[in-house]
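A quick write-up on the structure given underneath.
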Amino acid sequence: MRTIKDNAIIQSAILMLGFGVLIGVLFPFFSDFVLALPKEKVYTTIFFTVCIISGIIVGLIGFLIIKITIIKRLANLKNKIDTISTNIQNYIEGKIKYVESCTDCFVEDNRDVYDLGTKYNLFISIIRQFFWQYQKSDEFYLKLNESLEIKELNRNFAKFVTDNFNCLGIEIFNLDRMGNLNVIFSYLSREQLNDKQKESIKNILDKGQLLSFRDSNIEISIATLSVKPKEVVFLPIETKKSEKYLIALYFNSYLKQDDINFFKRLIYQYNLALDRSSAYEHMQKIAALDELTGIYNRRFGMQRLAEDYSRAKRSGNAFYVIMVDIDHFKKINDTFGHQAGDYVLYQIAKTIKSLLRIEDVFLRYGGEEFVAGLICKFENVIEKAETIRKEIEKLTFLFNDFEIKATVSIGISKSQPSDLLTIESLIKEADEALYIAKNSGRNKVFIKQ
C-alpha cells in the first residue's frame, strides 16, 4: 500500500502548505521588527489568523502553479512511458507486430521540464530503433531460412534489403578457390566485369574489411536508368569452403554508424545461410552424380530428362534420346581387369560429355550404358552421334602400360511435340535402335524412325 512518502504530489502539497503556514506565523514578527507596525495591531489573534490564512493561500497557489507547469508535464511523460511500455510488452507477447505502430509515444513539446522532454524523446527513439532492428533481424533470419539454393538465397537477400532500406541496388561477387571472379547476382544492369574492376574487387577482398565511400562522382546503371548513390558500402565475407564473396550495396542516403553495425549483423546471418546453402548444394550434387563417372546418375538424370522433354513439347521442338553402349565391355573387364574397365568407362563418359552441349542432359543409365537427351534438329543429332562414335573409335586408353581400344554402338529415338510418348517410351525406342546397331555389326549409329 502506497504511503505519503511514496507520493511526490501529496508531499509537494504538504510542503507548500507548511511553508505557507510558516510564513503566516512569521509575518507578524516581520511586521513589528522590519516594517515597524504598531505592536497592538500586529500581535493580535485576528492579525495572526489572517497572516496564517494568507500563507496557506499562497502555498496553495504555489502548489497549483507547480502542478500546472511541472507536475502536469511529468504526468504527461508518465503516460507516454506507460504507452511505450505497454506497446513493448504487447510486442513481446505477440499482440502487435510492429513497435513503430505506437503513434502516441512522443511528447509534443521538447521543452517539458527543461530538457527532460528532449531526453525522453531521444530515449524512446533509441528503444524503437532497437526493436525495429530486432524485428527486421528476425524477419531476415526467417527469410533466409526459406532459401536452400544459393541463387534463391541471394535473390531473397537482395529483395529484403531493397524493400526495407533506402537501397538502390545490390551486387554480389564471388572469388572461387581457383581465383576466378564472377558476378553471381546483380540488381543492376551489369553482368560482366572488366580487368580493372576485377583487380579492384580482389584488392577489397584481400583486405577483408568493410569499406564505405561517399563520392558524388559514383554512377551506376539500374535497368535503363543511371543513378548516383550517396553512399556505397562493400562488405567482404569468406565461407568455410574458403570462397570469398563481396556484397556491394548502393544507398540513396548517408548511413549512420548504427546502420553500418546493423548491416554487419545481417551479413553475419547471411554468411551462415551461405554456408548452409553451399553444403546443401554440395549434398545435392553428390546425390545427383554417379560416383564413378561424375555425370548424372540414373535417378536424378531421369528427372532431368523428363523436365527437358516437357520443355521441348511446350516450346514445340523435337526431342531426341541417344543411348550409347560400350561394345564388348565384358571382354575389356575379363582381359584387363575391372579397374581397367572402370577407367575406360570414366574416360568414355568424359569424352561424350565434352562433345555434348552444356544444356544437354547426360546420365549413366546402367552398367556400360549412357543416355543423353537433346533438343535440336534431325541432322544435328545424327552428326552429334557420329562424332561421338568416331571420337571414341580413335581413342587409345592407357592403363598400367596396357593399350586398350574400345568402340560404342548408338541408338536414337525421336519425339515430335504432338507425340504422346513418355520419356520411358522414348528410352525404350532408343534401346531398340541400339539393339539393331549392335546386331548389325556394332560401332554403328541407328535411329528409330
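Within each chain, counting starts at residue 1; across the C-alpha cells, chains are named A, B, ... in the order shown, with ligands numbered 1 upward in that order.
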
Within 10 Å of Met323 (chain A) using only C-alpha atoms, minus same-chain residues under 6 positions, as a PyMOL selection string: chain A and resi 362-365+369-373+385+408-413+427-434+445

Residue neighbourhood Asn400 (chain A), 12 Å, only C-alpha atoms, exclusion window fewer than 6 positions, as a PyMOL selection string: chain A and resi 336-337+339-340+343

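When only C-alpha atoms are used to measure the gap to Ser54 (chain A), the shortest distance among A:Val25, A:Lys159, A:Lys41, A:Phe234 belongs to A:Val25.
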
Fewer than 2 positions away in the same chain doesn't count, so skip those; otherwise give me all residues within 9 Å of Gly294 (chain A), counting only C-alpha atoms, as a PDB file with N, CA and C atoms, in the first residue's frame.
```pdb
ATOM      1  N   LEU A 289      25.018 -37.237 -58.778  1.00  0.00           N
ATOM      2  CA  LEU A 289      26.067 -37.696 -59.689  1.00  0.00           C
ATOM      3  C   LEU A 289      26.431 -39.160 -59.455  1.00  0.00           C
ATOM      4  N   ASP A 290      26.794 -39.796 -60.554  1.00  0.00           N
ATOM      5  CA  ASP A 290      27.308 -41.153 -60.492  1.00  0.00           C
ATOM      6  C   ASP A 290      28.720 -41.117 -59.923  1.00  0.00           C
ATOM      7  N   GLU A 291      28.998 -41.951 -58.958  1.00  0.00           N
ATOM      8  CA  GLU A 291      30.257 -41.899 -58.225  1.00  0.00           C
ATOM      9  C   GLU A 291      31.461 -42.170 -59.121  1.00  0.00           C
ATOM     10  N   LEU A 292      31.327 -43.069 -60.096  1.00  0.00           N
ATOM     11  CA  LEU A 292      32.461 -43.451 -60.929  1.00  0.00           C
ATOM     12  C   LEU A 292      32.728 -42.441 -62.038  1.00  0.00           C
ATOM     13  N   TYR A 296      25.422 -37.411 -64.299  1.00  0.00           N
ATOM     14  CA  TYR A 296      24.193 -37.696 -63.563  1.00  0.00           C
ATOM     15  C   TYR A 296      23.990 -39.202 -63.387  1.00  0.00           C
ATOM     16  N   ASN A 297      23.513 -39.572 -62.188  1.00  0.00           N
ATOM     17  CA  ASN A 297      23.109 -40.966 -62.013  1.00  0.00           C
ATOM     18  C   ASN A 297      21.727 -41.177 -62.615  1.00  0.00           C
ATOM     19  N   TYR A 346      35.073 -44.400 -67.321  1.00  0.00           N
ATOM     20  CA  TYR A 346      35.205 -42.986 -66.930  1.00  0.00           C
ATOM     21  C   TYR A 346      35.649 -42.121 -68.114  1.00  0.00           C
ATOM     22  N   ALA A 349      32.848 -41.690 -70.698  1.00  0.00           N
ATOM     23  CA  ALA A 349      31.837 -40.753 -70.189  1.00  0.00           C
ATOM     24  C   ALA A 349      32.356 -39.313 -70.302  1.00  0.00           C
ATOM     25  N   LYS A 350      33.626 -39.118 -69.958  1.00  0.00           N
ATOM     26  CA  LYS A 350      34.240 -37.798 -70.031  1.00  0.00           C
ATOM     27  C   LYS A 350      34.278 -37.288 -71.477  1.00  0.00           C
TER      28      LYS A 350
END
```

Residue contacts of Ser216 (chain A) (8 Å, only C-alpha atoms) excluding same-chain residues fewer than 4 positions away, as a list in words: Lys228, Pro229 and Lys230 of chain A

Contacts of Arg389 (chain A) within 12 Å, only C-alpha atoms, excl. fewer than 4 positions in-chain, as a PyMOL selection string: chain A and resi 322-327+348+351-352+355+382-385+393-395+406-411+437+442-446

Could the residues in this selection be written to a file with C-alpha atoms, as a tab-separated table (two decimals), in the first residue's frame?
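Everything below was put into again.tsv:
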```
chain	number	residue	atom	x	y	z
A	322	ILE	CA	20.60	-41.04	-77.57
A	323	MET	CA	21.56	-44.34	-75.94
A	324	VAL	CA	25.25	-45.29	-76.02
A	325	ASP	CA	26.62	-48.73	-75.13
A	326	ILE	CA	30.30	-49.75	-74.99
A	327	ASP	CA	30.93	-52.67	-77.34
A	348	ILE	CA	34.35	-42.60	-72.40
A	351	THR	CA	34.67	-37.81	-73.82
A	352	ILE	CA	30.94	-37.95	-74.55
A	355	LEU	CA	31.13	-33.41	-77.09
A	382	ILE	CA	22.85	-37.59	-86.41
A	383	GLU	CA	26.02	-35.53	-86.74
A	384	LYS	CA	26.47	-35.49	-82.96
A	385	ALA	CA	26.03	-39.25	-82.63
A	393	GLU	CA	36.94	-45.16	-82.01
A	394	LYS	CA	40.09	-43.01	-82.39
A	395	LEU	CA	40.97	-43.12	-78.69
A	406	ALA	CA	37.01	-49.52	-77.45
A	407	THR	CA	34.05	-48.67	-79.66
A	408	VAL	CA	30.43	-47.77	-78.96
A	409	SER	CA	27.08	-48.52	-80.55
A	410	ILE	CA	24.42	-45.80	-80.52
A	411	GLY	CA	20.63	-45.93	-80.79
A	437	ALA	CA	23.03	-51.17	-84.21
A	442	ARG	CA	28.45	-52.77	-83.64
A	443	ASN	CA	30.34	-49.45	-83.78
A	444	LYS	CA	27.32	-48.01	-85.60
A	445	VAL	CA	24.56	-45.41	-85.19
A	446	PHE	CA	20.92	-46.34	-85.79
```

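What separates CA of Gly179 (chain A) from CA of Ser212 (chain A) is a distance of 24.5 Å.
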
Per-residue DSSP, region 345-385 of chain A, filtered to helix (DSSP H, G or I), as a PyMOL selection string: chain A and resi 345-355+378-385

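Minimum atom-to-atom distances from A:Ile295, A:Leu266, A:Leu22, A:Val344 to Val161 (chain A) were compared using only C-alpha atoms, and the lowest value belongs to A:Leu266.
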
Separation of CA of Asp215 (chain A) from CA of Asn252 (chain A) in Å: 12.0 Å

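Closest approach to Ile388 (chain A) from the set A:Lys353, A:Glu403, A:Phe27, A:Leu64 is made by A:Lys353, with distances taken over only C-alpha atoms.
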
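In this model, the gap between CA of Cys167 (chain A) and CA of Lys196 (chain A) comes to 25.2 Å.
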
Could you produce a table of the residues of region 232-270 of chain A lying within 12 Å of region 140-146 of chain A, with the nearest pair of atoms per residue and their separation in Å rounded to one decimal, using only C-alpha atoms, ordered by chain and increasing residue number, as a Markdown table?
```
| residue | atom | partner | partner_atom | distance |
| --- | --- | --- | --- | --- |
| A:Phe262 | CA | A:Phe140 | CA | 11.8 |
| A:Phe263 | CA | A:Phe140 | CA | 11.1 |
| A:Arg265 | CA | A:Phe140 | CA | 10.6 |
| A:Leu266 | CA | A:Phe140 | CA | 7.5 |
| A:Ile267 | CA | A:Phe140 | CA | 10.3 |
| A:Tyr268 | CA | A:Tyr141 | CA | 10.5 |
| A:Gln269 | CA | A:Tyr141 | CA | 6.9 |
| A:Tyr270 | CA | A:Leu144 | CA | 7.3 |
```
